[in-house]
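As provided, final-v6.cif (mmCIF, C-alpha atoms and all ligand atoms) reads as follows.
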data_entry
#
loop_
_atom_site.label_atom_id
_atom_site.label_comp_id
_atom_site.auth_asym_id
_atom_site.auth_seq_id
_atom_site.Cartn_x
_atom_site.Cartn_y
_atom_site.Cartn_z
CA MET A 1 -20.53 -12.58 11.55
CA LYS A 2 -20.37 -10.24 14.53
CA PRO A 3 -22.45 -7.09 14.14
CA HIS A 4 -20.33 -3.94 14.10
CA LYS A 5 -21.17 -0.28 14.06
CA ILE A 6 -19.25 0.86 10.98
CA SER A 7 -18.96 4.53 10.14
CA ALA A 8 -15.96 4.78 7.81
CA CYS A 9 -13.99 2.76 5.30
CA VAL A 10 -10.33 2.42 4.29
CA LEU A 11 -9.78 0.75 0.92
CA ASP A 12 -6.75 -1.03 -0.42
CA MET A 13 -6.56 -0.43 -4.19
CA ASP A 14 -4.45 -3.00 -6.12
CA GLY A 15 -6.35 -6.28 -6.23
CA VAL A 16 -9.47 -4.82 -4.59
CA LEU A 17 -10.62 -2.05 -6.96
CA TYR A 18 -8.65 -3.19 -10.00
CA LEU A 19 -6.19 -5.74 -11.31
CA ASP A 20 -3.40 -3.74 -12.97
CA GLU A 21 -5.35 -1.53 -15.43
CA THR A 22 -8.68 -3.41 -15.26
CA PRO A 23 -11.39 -2.39 -12.75
CA ARG A 24 -12.84 -5.38 -10.90
CA PRO A 25 -16.58 -5.97 -11.44
CA GLY A 26 -18.49 -4.29 -8.62
CA ALA A 27 -15.84 -1.66 -7.84
CA VAL A 28 -17.81 1.14 -9.53
CA GLN A 29 -20.93 0.22 -7.51
CA LEU A 30 -18.93 -0.02 -4.28
CA LEU A 31 -17.56 3.52 -4.63
CA ALA A 32 -20.90 4.90 -5.78
CA CYS A 33 -22.44 3.41 -2.62
CA LEU A 34 -19.81 5.00 -0.32
CA ARG A 35 -20.27 8.39 -1.97
CA SER A 36 -24.08 8.35 -2.09
CA ARG A 37 -24.31 7.28 1.58
CA GLN A 38 -21.68 9.90 2.50
CA VAL A 39 -19.43 7.36 4.21
CA PRO A 40 -15.99 8.89 4.94
CA TYR A 41 -13.43 6.78 3.06
CA ALA A 42 -9.73 6.78 2.23
CA TYR A 43 -7.46 4.86 -0.11
CA LEU A 44 -4.46 3.11 1.40
CA THR A 45 -1.89 1.49 -0.87
CA ASN A 46 1.43 -0.21 -0.27
CA ASN A 47 2.38 0.55 -3.87
CA ALA A 48 4.97 3.34 -3.92
CA SER A 49 5.22 3.56 -7.70
CA ARG A 50 2.64 6.34 -8.14
CA SER A 51 2.01 9.67 -6.42
CA ALA A 52 -1.30 10.57 -4.74
CA ALA A 53 -2.07 12.81 -7.74
CA GLN A 54 -1.43 9.91 -10.13
CA TYR A 55 -3.77 7.67 -8.11
CA VAL A 56 -6.49 10.31 -8.26
CA ALA A 57 -6.02 10.53 -12.04
CA ARG A 58 -6.12 6.75 -12.32
CA LEU A 59 -9.31 6.37 -10.23
CA ASN A 60 -10.81 8.99 -12.51
CA ALA A 61 -9.57 7.44 -15.77
CA LEU A 62 -10.83 3.99 -14.80
CA GLY A 63 -14.25 5.50 -14.09
CA LEU A 64 -14.09 4.37 -10.45
CA ASP A 65 -14.14 7.65 -8.55
CA ARG A 66 -14.45 11.00 -10.34
CA GLU A 67 -14.59 12.84 -7.00
CA ALA A 68 -11.46 11.34 -5.45
CA SER A 69 -9.07 13.87 -3.89
CA GLU A 70 -5.36 13.65 -3.12
CA ALA A 71 -6.14 14.01 0.59
CA GLN A 72 -7.94 10.65 0.42
CA VAL A 73 -4.89 8.77 -0.89
CA ILE A 74 -2.15 7.44 1.40
CA THR A 75 0.79 5.68 -0.28
CA SER A 76 3.70 3.83 1.30
CA ALA A 77 6.01 6.35 -0.40
CA GLN A 78 4.42 9.10 1.75
CA VAL A 79 4.90 6.93 4.84
CA ALA A 80 8.55 6.28 3.93
CA VAL A 81 9.20 10.00 3.43
CA ALA A 82 7.65 10.79 6.83
CA TRP A 83 9.94 8.16 8.36
CA LEU A 84 13.00 9.67 6.63
CA HIS A 85 12.14 13.12 7.98
CA LYS A 86 11.92 11.69 11.48
CA ASN A 87 15.14 9.69 11.31
CA PHE A 88 17.50 11.59 9.00
CA PRO A 89 18.53 15.21 8.48
CA ARG A 90 17.47 16.83 5.22
CA SER A 91 21.11 16.69 4.11
CA ALA A 92 20.97 12.87 4.06
CA ARG A 93 21.92 11.31 0.73
CA VAL A 94 19.32 8.82 -0.47
CA LEU A 95 19.94 6.04 -2.97
CA LEU A 96 16.55 5.18 -4.47
CA VAL A 97 15.42 2.01 -6.19
CA GLY A 98 11.99 3.12 -7.34
CA GLU A 99 9.80 4.82 -9.92
CA PRO A 100 10.18 8.46 -11.14
CA SER A 101 7.17 9.63 -9.08
CA PHE A 102 8.90 8.47 -5.88
CA ARG A 103 12.10 10.19 -7.01
CA ASN A 104 10.16 13.43 -7.52
CA LEU A 105 8.54 13.13 -4.10
CA LEU A 106 11.96 12.74 -2.41
CA LEU A 107 13.36 15.73 -4.32
CA ARG A 108 10.30 17.85 -3.44
CA GLU A 109 10.81 16.94 0.21
CA GLY A 110 14.37 18.25 0.03
CA PHE A 111 16.40 15.03 0.05
CA ALA A 112 19.57 14.70 -2.03
CA LEU A 113 19.60 11.67 -4.31
CA THR A 114 22.75 9.77 -5.10
CA GLU A 115 23.83 6.59 -6.86
CA ALA A 116 27.13 6.46 -4.96
CA PRO A 117 27.94 3.71 -2.44
CA ASP A 118 28.47 6.30 0.33
CA ALA A 119 24.70 6.99 0.50
CA ASP A 120 23.27 7.38 4.02
CA VAL A 121 20.12 5.44 3.27
CA VAL A 122 18.90 3.07 0.57
CA VAL A 123 15.16 3.35 -0.11
CA VAL A 124 13.54 0.58 -2.14
CA GLY A 125 10.04 0.67 -3.65
CA PHE A 126 8.26 -0.94 -6.57
CA ASP A 127 10.38 -0.44 -9.70
CA THR A 128 9.30 -1.67 -13.12
CA ALA A 129 12.61 -0.40 -14.55
CA LEU A 130 14.71 -2.43 -12.11
CA THR A 131 18.18 -3.30 -13.42
CA TYR A 132 21.20 -5.24 -12.20
CA ALA A 133 23.05 -1.90 -11.93
CA LYS A 134 20.43 -0.62 -9.45
CA LEU A 135 20.62 -3.82 -7.36
CA ALA A 136 24.41 -3.56 -7.40
CA ALA A 137 24.46 0.11 -6.29
CA ALA A 138 21.97 -0.59 -3.49
CA SER A 139 23.94 -3.62 -2.30
CA LEU A 140 27.27 -1.76 -2.26
CA ALA A 141 25.78 1.14 -0.27
CA ILE A 142 24.18 -1.20 2.30
CA ARG A 143 27.43 -3.13 2.66
CA ARG A 144 29.12 0.21 3.40
CA GLY A 145 26.67 0.94 6.17
CA ALA A 146 23.67 2.72 4.60
CA ARG A 147 20.31 2.10 6.31
CA PHE A 148 18.11 -0.23 4.21
CA ILE A 149 14.47 0.86 3.92
CA GLY A 150 11.65 -0.82 1.99
CA THR A 151 8.31 0.85 1.25
CA ASN A 152 6.27 -2.34 1.59
CA PRO A 153 6.68 -6.10 2.08
CA ASP A 154 4.35 -7.33 -0.72
CA THR A 155 6.27 -10.02 -2.63
CA THR A 156 3.78 -10.05 -5.51
CA TYR A 157 1.76 -7.62 -7.63
CA PRO A 158 -1.65 -8.89 -8.80
CA THR A 159 -2.46 -8.48 -12.52
CA PRO A 160 -5.04 -10.13 -14.83
CA GLU A 161 -2.21 -12.40 -16.12
CA GLY A 162 -1.36 -13.52 -12.59
CA LEU A 163 0.98 -12.49 -9.78
CA LEU A 164 4.09 -10.54 -10.86
CA PRO A 165 7.13 -9.75 -8.66
CA GLY A 166 6.38 -6.97 -6.15
CA THR A 167 8.55 -4.77 -3.93
CA GLY A 168 9.08 -7.60 -1.44
CA SER A 169 10.79 -9.62 -4.18
CA ILE A 170 13.19 -6.74 -4.91
CA LEU A 171 13.88 -6.40 -1.16
CA ALA A 172 14.54 -10.15 -1.00
CA ALA A 173 17.15 -9.91 -3.77
CA ILE A 174 19.02 -7.10 -1.97
CA GLU A 175 18.68 -8.86 1.38
CA ALA A 176 20.15 -12.03 -0.16
CA ALA A 177 23.04 -10.01 -1.60
CA THR A 178 23.87 -8.15 1.63
CA GLY A 179 22.66 -10.30 4.52
CA VAL A 180 20.90 -7.18 5.85
CA GLN A 181 17.17 -7.13 6.59
CA PRO A 182 15.28 -4.01 5.47
CA THR A 183 13.21 -1.79 7.76
CA VAL A 184 9.84 -1.99 6.02
CA MET A 185 7.19 0.76 5.98
CA GLY A 186 3.60 0.49 4.78
CA LYS A 187 0.99 -2.08 5.75
CA PRO A 188 0.98 -4.12 8.05
CA HIS A 189 2.96 -1.54 10.06
CA ARG A 190 1.05 1.03 12.08
CA PRO A 191 1.93 4.42 10.48
CA PRO A 192 -0.21 4.15 7.31
CA PHE A 193 -3.28 3.03 9.28
CA GLU A 194 -2.81 5.81 11.83
CA GLU A 195 -2.50 8.33 9.00
CA ALA A 196 -5.71 7.03 7.38
CA LEU A 197 -7.65 7.24 10.66
CA ARG A 198 -6.27 10.72 11.32
CA ARG A 199 -7.44 11.93 7.91
CA LEU A 200 -10.88 10.34 8.29
CA ALA A 201 -11.21 11.61 11.89
CA GLN A 202 -12.97 8.37 12.80
CA PRO A 203 -12.35 5.92 15.67
CA ALA A 204 -10.45 2.77 14.65
CA GLY A 205 -13.12 0.52 16.15
CA GLN A 206 -15.78 1.92 13.81
CA THR A 207 -13.65 1.90 10.66
CA ILE A 208 -13.35 -1.08 8.34
CA MET A 209 -10.10 -1.88 6.53
CA ILE A 210 -10.85 -3.65 3.27
CA GLY A 211 -8.07 -5.50 1.45
CA ASP A 212 -7.03 -8.57 -0.50
CA ARG A 213 -3.97 -9.57 1.55
CA LEU A 214 -4.10 -11.17 4.98
CA GLU A 215 -0.50 -10.38 5.98
CA THR A 216 -0.68 -6.67 5.17
CA ASP A 217 -4.26 -5.31 4.97
CA ILE A 218 -5.93 -7.60 7.48
CA ALA A 219 -3.10 -8.11 10.00
CA GLY A 220 -2.31 -4.39 9.91
CA GLY A 221 -5.95 -3.35 10.25
CA GLN A 222 -6.33 -5.66 13.25
CA GLY A 223 -3.13 -4.29 14.79
CA ALA A 224 -4.54 -0.77 14.48
CA GLY A 225 -7.79 -1.84 16.19
CA MET A 226 -9.91 -1.65 13.04
CA ILE A 227 -12.70 -3.90 11.75
CA THR A 228 -11.43 -5.92 8.76
CA GLY A 229 -12.95 -7.07 5.46
CA PHE A 230 -11.14 -9.48 3.15
CA VAL A 231 -11.90 -9.64 -0.58
CA LEU A 232 -11.11 -12.82 -2.50
CA GLY A 233 -10.02 -12.90 -6.14
CA GLY A 234 -7.18 -10.35 -5.85
CA ALA A 235 -3.84 -11.40 -4.37
CA SER A 236 -5.36 -14.19 -2.27
CA SER A 237 -7.52 -17.28 -2.72
CA GLU A 238 -9.88 -19.20 -0.46
CA ALA A 239 -7.04 -21.68 0.16
CA ASP A 240 -4.80 -18.86 1.44
CA LEU A 241 -7.56 -17.87 3.87
CA ALA A 242 -8.15 -21.45 5.06
CA GLN A 243 -4.45 -21.95 5.84
CA ASN A 244 -3.79 -18.62 7.53
CA PRO A 245 -4.01 -17.89 11.27
CA ILE A 246 -4.92 -14.27 10.37
CA GLN A 247 -8.73 -14.24 10.09
CA PRO A 248 -10.76 -11.16 9.07
CA ASP A 249 -14.14 -10.09 10.52
CA TYR A 250 -15.79 -10.24 7.09
CA VAL A 251 -15.00 -12.27 3.96
CA PHE A 252 -16.28 -11.22 0.54
CA GLN A 253 -16.26 -13.65 -2.38
CA ASP A 254 -15.63 -10.77 -4.80
CA VAL A 255 -16.16 -7.01 -5.11
CA GLU A 256 -19.79 -7.41 -6.26
CA HIS A 257 -20.46 -9.18 -2.95
CA LEU A 258 -18.70 -6.33 -1.12
CA ALA A 259 -20.76 -3.70 -3.00
CA ARG A 260 -24.04 -5.45 -2.05
CA TRP A 261 -22.87 -5.62 1.58
CA CYS A 262 -22.05 -1.90 1.46
CA GLU A 263 -25.60 -1.14 0.34
CA GLU A 264 -26.98 -3.13 3.29
CA VAL A 265 -24.68 -1.73 5.97
CA PHE A 266 -24.52 2.00 5.19
MG MG B 1 -4.06 -5.31 -2.55
#

Please go through the file and, once you have read it, give me the structure as structure tokens.
Ligand SMILES: [Mg+2]
Amino acid sequence: MKPHKISACVLDMDGVLYLDETPRPGAVQLLACLRSRQVPYAYLTNNASRSAAQYVARLNALGLDREASEAQVITSAQVAVAWLHKNFPRSARVLLVGEPSFRNLLLREGFALTEAPDADVVVVGFDTALTYAKLAAASLAIRRGARFIGTNPDTTYPTPEGLLPGTGSILAAIEAATGVQPTVMGKPHRPPFEEALRRLAQPAGQTIMIGDRLETDIAGGQGAGMITGFVLGGASSEADLAQNPIQPDYVFQDVEHLARWCEEVF
């Protein structure tokens, strides 16, 4: 391994800190280490199904981080909303396929929601209440010319039972139905990494991005000029790593390994 000067840390959450509702062994120690050594850190998730406040509550409830603040949490829903503000007027009508927290965020930001096919933009995030009616409404709007936006490309969602369909799978269904490719926010695209570095006020070259997916966390971290750490046992296996041209700076067998490394480095 190359030696790096590391002064800050950006953490993916799903698959790294927990699998669905179950904290991964070592995650409590990892966060205790970052706090006790006063390492600036942020949470960066491609999951758009919860708000920053809900993530803070969840980190608290799981006993992972009782001092987490909303300012530390960057979600792909926030990134998508920033993109909408840049590219559409506030009067734009948005057709959402997503969870209630995302709906509330869009309403708070002043966007008008619609289920009609004359929507200006279709925004798709993780949706555990996905129905055929929602897929149909999204497809009709895109066929009538609405822009097609996805919060994140992750095709799967890691849980203790195994990998469940993620946002990327919902995007794939709508893409198959319309022949239109979505514009996808979130990791591996630059905006969420830039936002994390801005909030941490740390240089990219001294900040490590830690995640369990090569295509999003690691490729995106590398694209943003960050150091990268890959944790096995979440969304990816050793075989995925062996076959992939994307190679991280550090590989951790599990989160306990990562926590021990944290204690050595910081
Ligand atoms: Mg993950």

(request) Name the residues, by chain letter and number, that sit within 7 Å of ligand MG 1 (chain B) using only C-alpha atoms and all ligand atoms, and give them as a PyMOL selection string. (result) chain A and resi 12-16+211-213+234-235

(message) Residues near Ser7 (chain A), anyone? I mean within 12 Å using all atoms listed in the file, not counting same-chain ones fewer than 4 positions away, as a ChimeraX atom specification.
(response) /A:34,37-41,197,200-209,226-227,262,265-266

May I have the selected residues written with C-alpha atoms, as a CSV table (one decimal), in the coordinates of the input?
chain,number,residue,atom,x,y,z
A,34,LEU,CA,-19.8,5.0,-0.3
A,37,ARG,CA,-24.3,7.3,1.6
A,38,GLN,CA,-21.7,9.9,2.5
A,39,VAL,CA,-19.4,7.4,4.2
A,40,PRO,CA,-16.0,8.9,4.9
A,41,TYR,CA,-13.4,6.8,3.1
A,197,LEU,CA,-7.6,7.2,10.7
A,200,LEU,CA,-10.9,10.3,8.3
A,201,ALA,CA,-11.2,11.6,11.9
A,202,GLN,CA,-13.0,8.4,12.8
A,203,PRO,CA,-12.4,5.9,15.7
A,204,ALA,CA,-10.4,2.8,14.6
A,205,GLY,CA,-13.1,0.5,16.2
A,206,GLN,CA,-15.8,1.9,13.8
A,207,THR,CA,-13.6,1.9,10.7
A,208,ILE,CA,-13.4,-1.1,8.3
A,209,MET,CA,-10.1,-1.9,6.5
A,226,MET,CA,-9.9,-1.6,13.0
A,227,ILE,CA,-12.7,-3.9,11.8
A,262,CYS,CA,-22.0,-1.9,1.5
A,265,VAL,CA,-24.7,-1.7,6.0
A,266,PHE,CA,-24.5,2.0,5.2

(request) Kindly indicate which residue among A:Pro117, A:Gly145, A:Gly186, A:Gly233 lies nearest to Thr159 (chain A), using only C-alpha atoms for the distances. (result) A:Gly233

(message) Could you check the closest approach to Ala92 (chain A) for each of A:Gly110, A:Gly223, A:Pro182, A:Gly63 and tell me which residue wins, using only C-alpha atoms?
(response)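 Smallest separation from Ala92 (chain A) among the options: A:Gly110.
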
(request) Determine, counting only C-alpha atoms, which protein, DNA and RNA residues have an atom within 10 Å of an atom of Glu194 (chain A); residues of the same chain fewer than 4 positions away are not included. Present the result as a list in words. (result) His189, Arg190, Arg198, Arg199, Leu200, Ala204, Gly221 and Ala224 of chain A

(message) Quick check, in Å to one decimal: how far apart do CA of Leu214 (chain A) and CA of Asp249 (chain A) lie?
(response)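 These atoms are spaced 11.5 Å apart.
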
(request) Could you please determine the separation between CA of Ser51 (chain A) and CA of Ser101 (chain A) in Å, to one decimal place? (result) 5.8 Å

(message) Just to confirm, what's the straight-line distance from CA of Ser69 (chain A) to CA of Ala53 (chain A) in Å (one decimal)?
(response) 8.1 Å

(request) May I have the residues within 12 Å of Ala80 (chain A) as a PyMOL selection string, using all atoms listed in the file and disregarding those fewer than 6 positions away in the same chain? (result) chain A and resi 46-48+74+86-88+94+96+102+105-106+109+121-125+148-152+183-187+189+191-192

(message) I want to know what sits within 8 Å of Pro188 (chain A), based on all atoms listed in the file, with residues of the same chain fewer than 4 positions away left out; could you give that as a ChimeraX atom specification?
(response) /A:215-221,223

(request) Identify which of the residues A:Leu130, A:Arg147, A:Tyr157, A:Gln72 lies closest to Ala173 (chain A), counting all atoms listed in the file when measuring atom-to-atom distances. (result)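 Looking only at the distances to Ala173 (chain A), the closest residue turns out to be A:Leu130.
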
Grab all the atoms of region 106-118 of chain A that the file lists, wrap them in a box along x, y and z, add 5 Å per side, and give me centre plus edge lengths in Å (one decimal) as AutoDock Vina command-line options.
--center_x 19.4 --center_y 11.0 --center_z -3.3 --size_x 28.2 --size_y 24.5 --size_z 17.2

(request) Counting all atoms listed in the file, figure out which residue out of A:Gln222, A:Ala137, A:Ala146, A:Gly98 gets nearest to Asp120 (chain A). (result)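 Nearest to Asp120 (chain A): A:Ala146.
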
Fix up region 214-239 of chain A with N, CA and C atoms, then write it as a PDB file, keeping the file's coordinate frame.
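The new file selection-v1.pdb reads:
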ATOM      1  N   LEU A 214      -3.980 -10.916   3.548  1.00  0.00           N
ATOM      2  CA  LEU A 214      -4.100 -11.170   4.980  1.00  0.00           C
ATOM      3  C   LEU A 214      -2.922 -10.587   5.757  1.00  0.00           C
ATOM      4  N   GLU A 215      -1.708 -10.753   5.219  1.00  0.00           N
ATOM      5  CA  GLU A 215      -0.500 -10.380   5.980  1.00  0.00           C
ATOM      6  C   GLU A 215      -0.329  -8.867   6.088  1.00  0.00           C
ATOM      7  N   THR A 216      -0.874  -8.120   5.136  1.00  0.00           N
ATOM      8  CA  THR A 216      -0.680  -6.670   5.170  1.00  0.00           C
ATOM      9  C   THR A 216      -1.974  -5.948   5.562  1.00  0.00           C
ATOM     10  N   ASP A 217      -3.016  -6.058   4.725  1.00  0.00           N
ATOM     11  CA  ASP A 217      -4.260  -5.310   4.970  1.00  0.00           C
ATOM     12  C   ASP A 217      -4.945  -5.775   6.253  1.00  0.00           C
ATOM     13  N   ILE A 218      -5.116  -7.077   6.384  1.00  0.00           N
ATOM     14  CA  ILE A 218      -5.930  -7.600   7.480  1.00  0.00           C
ATOM     15  C   ILE A 218      -5.130  -7.593   8.796  1.00  0.00           C
ATOM     16  N   ALA A 219      -3.905  -8.113   8.777  1.00  0.00           N
ATOM     17  CA  ALA A 219      -3.100  -8.110  10.000  1.00  0.00           C
ATOM     18  C   ALA A 219      -2.854  -6.680  10.475  1.00  0.00           C
ATOM     19  N   GLY A 220      -2.574  -5.782   9.545  1.00  0.00           N
ATOM     20  CA  GLY A 220      -2.310  -4.390   9.910  1.00  0.00           C
ATOM     21  C   GLY A 220      -3.552  -3.695  10.445  1.00  0.00           C
ATOM     22  N   GLY A 221      -4.692  -3.926   9.786  1.00  0.00           N
ATOM     23  CA  GLY A 221      -5.950  -3.350  10.250  1.00  0.00           C
ATOM     24  C   GLY A 221      -6.272  -3.816  11.663  1.00  0.00           C
ATOM     25  N   GLN A 222      -6.072  -5.110  11.907  1.00  0.00           N
ATOM     26  CA  GLN A 222      -6.330  -5.660  13.250  1.00  0.00           C
ATOM     27  C   GLN A 222      -5.381  -5.036  14.270  1.00  0.00           C
ATOM     28  N   GLY A 223      -4.116  -4.885  13.885  1.00  0.00           N
ATOM     29  CA  GLY A 223      -3.130  -4.290  14.790  1.00  0.00           C
ATOM     30  C   GLY A 223      -3.483  -2.852  15.159  1.00  0.00           C
ATOM     31  N   ALA A 224      -4.152  -2.161  14.234  1.00  0.00           N
ATOM     32  CA  ALA A 224      -4.540  -0.770  14.480  1.00  0.00           C
ATOM     33  C   ALA A 224      -5.900  -0.674  15.162  1.00  0.00           C
ATOM     34  N   GLY A 225      -6.507  -1.838  15.475  1.00  0.00           N
ATOM     35  CA  GLY A 225      -7.790  -1.840  16.190  1.00  0.00           C
ATOM     36  C   GLY A 225      -8.995  -1.639  15.295  1.00  0.00           C
ATOM     37  N   MET A 226      -8.822  -1.868  13.987  1.00  0.00           N
ATOM     38  CA  MET A 226      -9.910  -1.650  13.040  1.00  0.00           C
ATOM     39  C   MET A 226     -10.716  -2.936  12.811  1.00  0.00           C
ATOM     40  N   ILE A 227     -11.922  -2.772  12.248  1.00  0.00           N
ATOM     41  CA  ILE A 227     -12.700  -3.900  11.750  1.00  0.00           C
ATOM     42  C   ILE A 227     -12.058  -4.266  10.397  1.00  0.00           C
ATOM     43  N   THR A 228     -12.103  -5.547   9.998  1.00  0.00           N
ATOM     44  CA  THR A 228     -11.430  -5.920   8.760  1.00  0.00           C
ATOM     45  C   THR A 228     -12.344  -6.686   7.809  1.00  0.00           C
ATOM     46  N   GLY A 229     -12.216  -6.383   6.516  1.00  0.00           N
ATOM     47  CA  GLY A 229     -12.950  -7.070   5.460  1.00  0.00           C
ATOM     48  C   GLY A 229     -11.985  -7.556   4.394  1.00  0.00           C
ATOM     49  N   PHE A 230     -12.090  -8.829   4.056  1.00  0.00           N
ATOM     50  CA  PHE A 230     -11.140  -9.480   3.150  1.00  0.00           C
ATOM     51  C   PHE A 230     -11.854  -9.834   1.846  1.00  0.00           C
ATOM     52  N   VAL A 231     -11.283  -9.387   0.722  1.00  0.00           N
ATOM     53  CA  VAL A 231     -11.900  -9.640  -0.580  1.00  0.00           C
ATOM     54  C   VAL A 231     -11.101 -10.700  -1.326  1.00  0.00           C
ATOM     55  N   LEU A 232     -11.771 -11.757  -1.732  1.00  0.00           N
ATOM     56  CA  LEU A 232     -11.110 -12.820  -2.500  1.00  0.00           C
ATOM     57  C   LEU A 232     -10.988 -12.401  -3.970  1.00  0.00           C
ATOM     58  N   GLY A 233     -10.136 -13.118  -4.699  1.00  0.00           N
ATOM     59  CA  GLY A 233     -10.020 -12.900  -6.140  1.00  0.00           C
ATOM     60  C   GLY A 233      -8.990 -11.851  -6.526  1.00  0.00           C
ATOM     61  N   GLY A 234      -8.278 -11.271  -5.556  1.00  0.00           N
ATOM     62  CA  GLY A 234      -7.180 -10.350  -5.850  1.00  0.00           C
ATOM     63  C   GLY A 234      -5.874 -11.105  -5.679  1.00  0.00           C
ATOM     64  N   ALA A 235      -5.125 -10.731  -4.619  1.00  0.00           N
ATOM     65  CA  ALA A 235      -3.840 -11.400  -4.370  1.00  0.00           C
ATOM     66  C   ALA A 235      -4.006 -12.732  -3.653  1.00  0.00           C
ATOM     67  N   SER A 236      -5.205 -13.000  -3.112  1.00  0.00           N
ATOM     68  CA  SER A 236      -5.360 -14.190  -2.270  1.00  0.00           C
ATOM     69  C   SER A 236      -6.560 -15.030  -2.691  1.00  0.00           C
ATOM     70  N   SER A 237      -6.464 -16.322  -2.390  1.00  0.00           N
ATOM     71  CA  SER A 237      -7.520 -17.280  -2.720  1.00  0.00           C
ATOM     72  C   SER A 237      -8.155 -17.798  -1.430  1.00  0.00           C
ATOM     73  N   GLU A 238      -9.220 -18.576  -1.601  1.00  0.00           N
ATOM     74  CA  GLU A 238      -9.880 -19.200  -0.460  1.00  0.00           C
ATOM     75  C   GLU A 238      -8.916 -20.125   0.289  1.00  0.00           C
ATOM     76  N   ALA A 239      -8.017 -20.779  -0.471  1.00  0.00           N
ATOM     77  CA  ALA A 239      -7.040 -21.680   0.160  1.00  0.00           C
ATOM     78  C   ALA A 239      -6.081 -20.900   1.054  1.00  0.00           C
TER      79      ALA A 239
END
